[in-house]
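Let me begin by presenting the structure, written as structure tokens, before commenting on it.
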Amino acid sequence: MNFHAFYADAAPVVTCIVGAGDFGRSFIAQSERMALLETRIAVDLKAEAAAASLVAVGIPANRVKICTTAAEARAAWNAGDYLAVSDLAVVLDLPIDVVVEATGHPEAGARHARLAIEAGCHVAMVSKEVDSVIGPGLSAMAAARGIVSTPVDGDQPSLAIGLITWAETLGFDIIAAGKSSEYDFVLDSARETITSNGREIPVPGFGALAYLGDRDCAEIVAARSAGAAALQQRLVPDLCEMTVVANATGFLPDRSDFHAPIARIDELATIFALESEDGGLMGKPRSLDVFHCLRAPTEVSFAGGVFVVVRCTDEGTWRLLRDKGHIVSRSGSTAALYLPRHLLGLEAATSILDAKIHGMSSGARHPSHHADLVMMADIDLPAGHVLDMGGHHHVVEGASARMIPAAALTDETPAPFYLASNRRLKRAVKKGEPVRIGDIEIDETSELFSLRQRQDRHFFGEARITAPA
């Protein structure tokens with residue numbers, strides 16, 4: 001595609017970034033370099049933090065105005081200044097084309113998305129936590145108003161959706177699709193250590209597992225997992241992102257907690273092949289999964305990228321492609337095609353331009369609800385326990401996440417992970433059982449819960465929840 005032609009003669013798109021953390025800062029910084037994007041409004045829980053992010057990317061401090069009212073915001077806008085505010089509602093009467101929601105906060109993100117759609121703004125949903133619970137409903141709400149709610153390039157869901165639909169358009173038969181985890185597993189064979197996300201662990205004897213060779217995939221994957229057991233290998237954010245992909249594509253995981261193998265890049269086509277045909281891990285085609293990129297310190301990273309594994313349907317073609325360096329399985333029957341990057345806010349603008357200029361979402365053309373990310377008890381959880389969620393990996397002590405087929409919420413259905421997080425249990429949950437909607441206290445003011453009920457009515461008919469408590 002020639003992107004200059006695709007966006008030819010378009011007027012600049014005016015955006016408002018909500019959430020001025022790492023993603024927000026990178027988005028503002030790239031926006032300043034783009035003729036087609038104008039980002040003069042930043043929203044954060046504290047307006048001072050939004051102002052600091054604007055200044056940090058090189059905007060003169062005297063051009064950044066902290067605004068607390070709509071009148072102040074209008075005056076600053078008309079003066080050509082940059083605006084820093086603590087509440088999105090203060091700026092929604094300004095000529096904003098796209099609201100970029102990047103707070104990562106489920107309740108706040110739900111409110112921001114609703115406000116933006118009601119104001120007639122497109123929504124770029126960076127907050128996968130929100131998208132995993134109500135993304136299909138937000139897309140339907142936006143479509144009803146002739147606007148778009150979209151995931152964003154620069155994050156794995158949109159990039160994976162793009163790669164999957166590209167492969168489908170070209171007629172490839174997809175066995176598996178997914179992403180690498182955020183941080184590689186870097187093996188130092190001489191020192192017998194693995195380093196990931198700044199943490200180093202000893203892995204005596206792991207060097208013998210460093211290469212798959214002609215050995216059994218399941219056995220090597222299990223041995224690697226056991227050898228690196230001190231590192232987390234099933235992370236909630238990874239499953240969350242793949243839930244967004246599932247709802248856009250209809251692909252579902254082969255197992256609800258994913259295989260999540262530790263694997264080298266050149267092993268993907270073999271490990272993510274079908275078990276029944278090629279001795280891989282996959283029990284069925286069109287399955288979603290993640291992997292932890294195993295590499296030496298001097299080897300290239302997968303960089304949090306995305307992949308598809310496809311059937312090799314023409315032997316001669318794939319022999320040629322293997323000779324050119326493409327990753328073909330040891331049996332020659334599958335190949336891995338991949339995009340080794342995700343550039344966060346530096347790359348998000350293409351989805352935003354598509355939303356405004358072409359009325360296109362990077363997600364599904366027609367919103368559907370295929371999957372839910374739910375919470376599972378890993379220990380006995382007593383009544384009164386608070387499901388506190390914390391850290392970059394969204395850890396809830398004593399609980400983990402699973403992806404299951406979507407359903408309307410009832411008191412007895414498993415609760416979406418980010419709807420259950422940070423709530424108190426009304427009743428005990430036994431180890432190995434899902435946390436159900438009826439198990440948790442949900443305040444009737446919950447924006448996330450209200451929008452999820454609306455989504456359920458849209459896709460499944462009348463809501464069947466008794467009442468929040």
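Ligands are numbered from 1 in the order shown, chains are lettered A, B, ... in the order of the structure tokens, and residues start at 1 in each chain.
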Would you return as a ChimeraX atom specification the members of segment 63-254 of chain A that DSSP assigns to alpha helix (DSSP H) on this structure's backbone?
/A:70-78,106-118,128-144,156-169,217-227,236-249
Among segment 32-183 of chain A, which ones does DSSP assign to strand (DSSP E) (computed from the backbone)? Answer as an NGL selection string.
:A and (37-43 or 64-66 or 82-85 or 98-101 or 122-125 or 149-150 or 174-180)
At a cut-off of 10 Å, using only C-alpha atoms, what residues contact segment 230-240 of chain A? Leave out same-chain residues fewer than 2 positions from it and give the result as a PyMOL selection string.
chain A and resi 128-133+156-157+178-182+185+194-197+199-203+225-228+242-246+253+256-262+288-292+372-375+392-396+400-403+417-418
Would you mind reading off the distance between atom CA of Gly438 of chain A and atom CA of Ser421 of chain A, one decimal, in Å?
14.0 Å
Top pick for closest residue to Ile147 of chain A, considering A:Arg436, A:Arg33, A:Arg311, A:Lys356 and counting only C-alpha atoms:
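Closest to Ile147 of chain A, using only C-alpha atoms: A:Lys356.
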Write out as number ranges by chain the residues lying within 7 Å of Ala124 of chain A, counting only C-alpha atoms and excluding same-chain residues fewer than 6 positions away.
A: 98-101, 149-152, 352
Write a file of the just-selected residues containing N, CA, C and O atoms, as a CSV table (one decimal), in the first residue's frame.
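Wrote again36.csv, looks like this:
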chain,number,residue,atom,x,y,z
A,98,VAL,N,-11.1,12.4,17.2
A,98,VAL,CA,-10.9,11.1,17.8
A,98,VAL,C,-10.4,11.2,19.2
A,98,VAL,O,-9.4,12.0,19.5
A,99,VAL,N,-11.0,10.5,20.1
A,99,VAL,CA,-10.5,10.4,21.5
A,99,VAL,C,-9.7,9.1,21.6
A,99,VAL,O,-10.2,8.0,21.3
A,100,VAL,N,-8.5,9.3,22.1
A,100,VAL,CA,-7.6,8.1,22.2
A,100,VAL,C,-7.6,7.7,23.7
A,100,VAL,O,-7.0,8.5,24.5
A,101,GLU,N,-8.2,6.6,24.1
A,101,GLU,CA,-8.4,6.2,25.4
A,101,GLU,C,-7.2,5.3,25.8
A,101,GLU,O,-7.1,4.1,25.4
A,149,SER,N,-15.3,2.8,16.8
A,149,SER,CA,-14.4,2.5,17.9
A,149,SER,C,-13.4,1.4,17.4
A,149,SER,O,-13.8,0.4,16.9
A,150,THR,N,-12.2,1.7,17.6
A,150,THR,CA,-11.1,0.9,17.0
A,150,THR,C,-10.0,0.6,17.9
A,150,THR,O,-9.6,1.4,18.8
A,151,PRO,N,-9.4,-0.7,17.9
A,151,PRO,CA,-8.1,-0.8,18.5
A,151,PRO,C,-7.1,-0.1,17.7
A,151,PRO,O,-7.4,0.5,16.6
A,152,VAL,N,-5.8,0.0,18.1
A,152,VAL,CA,-4.8,0.8,17.5
A,152,VAL,C,-3.6,0.0,17.0
A,152,VAL,O,-3.1,-0.8,17.8
A,352,ILE,N,-5.9,5.7,13.8
A,352,ILE,CA,-6.7,6.9,14.1
A,352,ILE,C,-7.0,7.6,12.8
A,352,ILE,O,-8.2,8.1,12.6
Return the single residue from A:Leu387, A:Ile17, A:Val85, A:Val309 that is closest to Ser127 of chain A, with distances computed using only C-alpha atoms.
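Answer, going by the shortest atom-to-atom distance: A:Ile17.
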Within 6 Å of Asp378 of chain A using only C-alpha atoms, minus same-chain residues under 6 positions, as a ChimeraX atom specification
/A:398-399,431-432
Separation of atom CA of Met376 of chain A and atom CA of Ala420 of chain A, in Å?
10.3 Å
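Candidate residues A:Cys67, A:Leu281, A:Ala377, A:Ala248 were compared for distance to Ser139 of chain A, and the nearest is A:Ala248, using only C-alpha atoms.
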All residues 6 Å or closer to segment 69-82 of chain A, only C-alpha atoms, same chain fewer than 5 positions away omitted, as an mmCIF file with N, CA and C atoms, in the first residue's frame:
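Dumped to result-v2.cif:
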data_model
loop_
_atom_site.group_PDB
_atom_site.id
_atom_site.type_symbol
_atom_site.label_atom_id
_atom_site.label_comp_id
_atom_site.auth_asym_id
_atom_site.auth_seq_id
_atom_site.Cartn_x
_atom_site.Cartn_y
_atom_site.Cartn_z
ATOM 1 N N ARG A 40 -3.470 18.472 20.659
ATOM 2 C CA ARG A 40 -3.213 19.594 21.578
ATOM 3 C C ARG A 40 -3.924 19.420 22.910
ATOM 4 N N ILE A 41 -4.576 18.278 23.117
ATOM 5 C CA ILE A 41 -5.318 18.067 24.363
ATOM 6 C C ILE A 41 -4.852 16.771 24.998
ATOM 7 N N ARG A 63 3.099 27.416 26.483
ATOM 8 C CA ARG A 63 1.999 27.128 25.563
ATOM 9 C C ARG A 63 1.066 26.045 26.099
ATOM 10 N N VAL A 64 1.356 25.527 27.291
ATOM 11 C CA VAL A 64 0.535 24.469 27.904
ATOM 12 C C VAL A 64 -0.327 25.093 28.990
ATOM 13 N N VAL A 90 -14.617 18.114 30.175
ATOM 14 C CA VAL A 90 -14.323 19.540 30.078
ATOM 15 C C VAL A 90 -14.030 19.963 28.634
#
Which polymer residues have any atom within 9 Å of an atom of Gly250 of chain A, counting only C-alpha atoms, with same-chain residues fewer than 5 positions away left out, as a PyMOL selection string?
chain A and resi 245+286+368-371
Between atom CA of Phe23 of chain A and atom CA of Ala167 of chain A, distance in Å (one decimal):
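Computing the Euclidean distance for atom CA of Phe23 of chain A and atom CA of Ala167 of chain A yields 28.3 Å.
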Hey, which of A:Gly325, A:Ser276, A:Leu381, A:Leu187 ends up closest to Leu294 of chain A? Count only C-alpha atoms.
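Among the listed residues, the smallest separation from Leu294 of chain A belongs to A:Leu187.
When only C-alpha atoms are used to compute distances to Cys121 of chain A, the closest of the residues A:Ala428, A:Val43, A:Ala84, A:Ala355 turns out to be A:Ala355.
Of the listed residues A:Ala29, A:Val123, A:Ile220, A:Ala177, the one whose atoms come nearest to Ser287 of chain A is A:Ala177, with distances taken using only C-alpha atoms.
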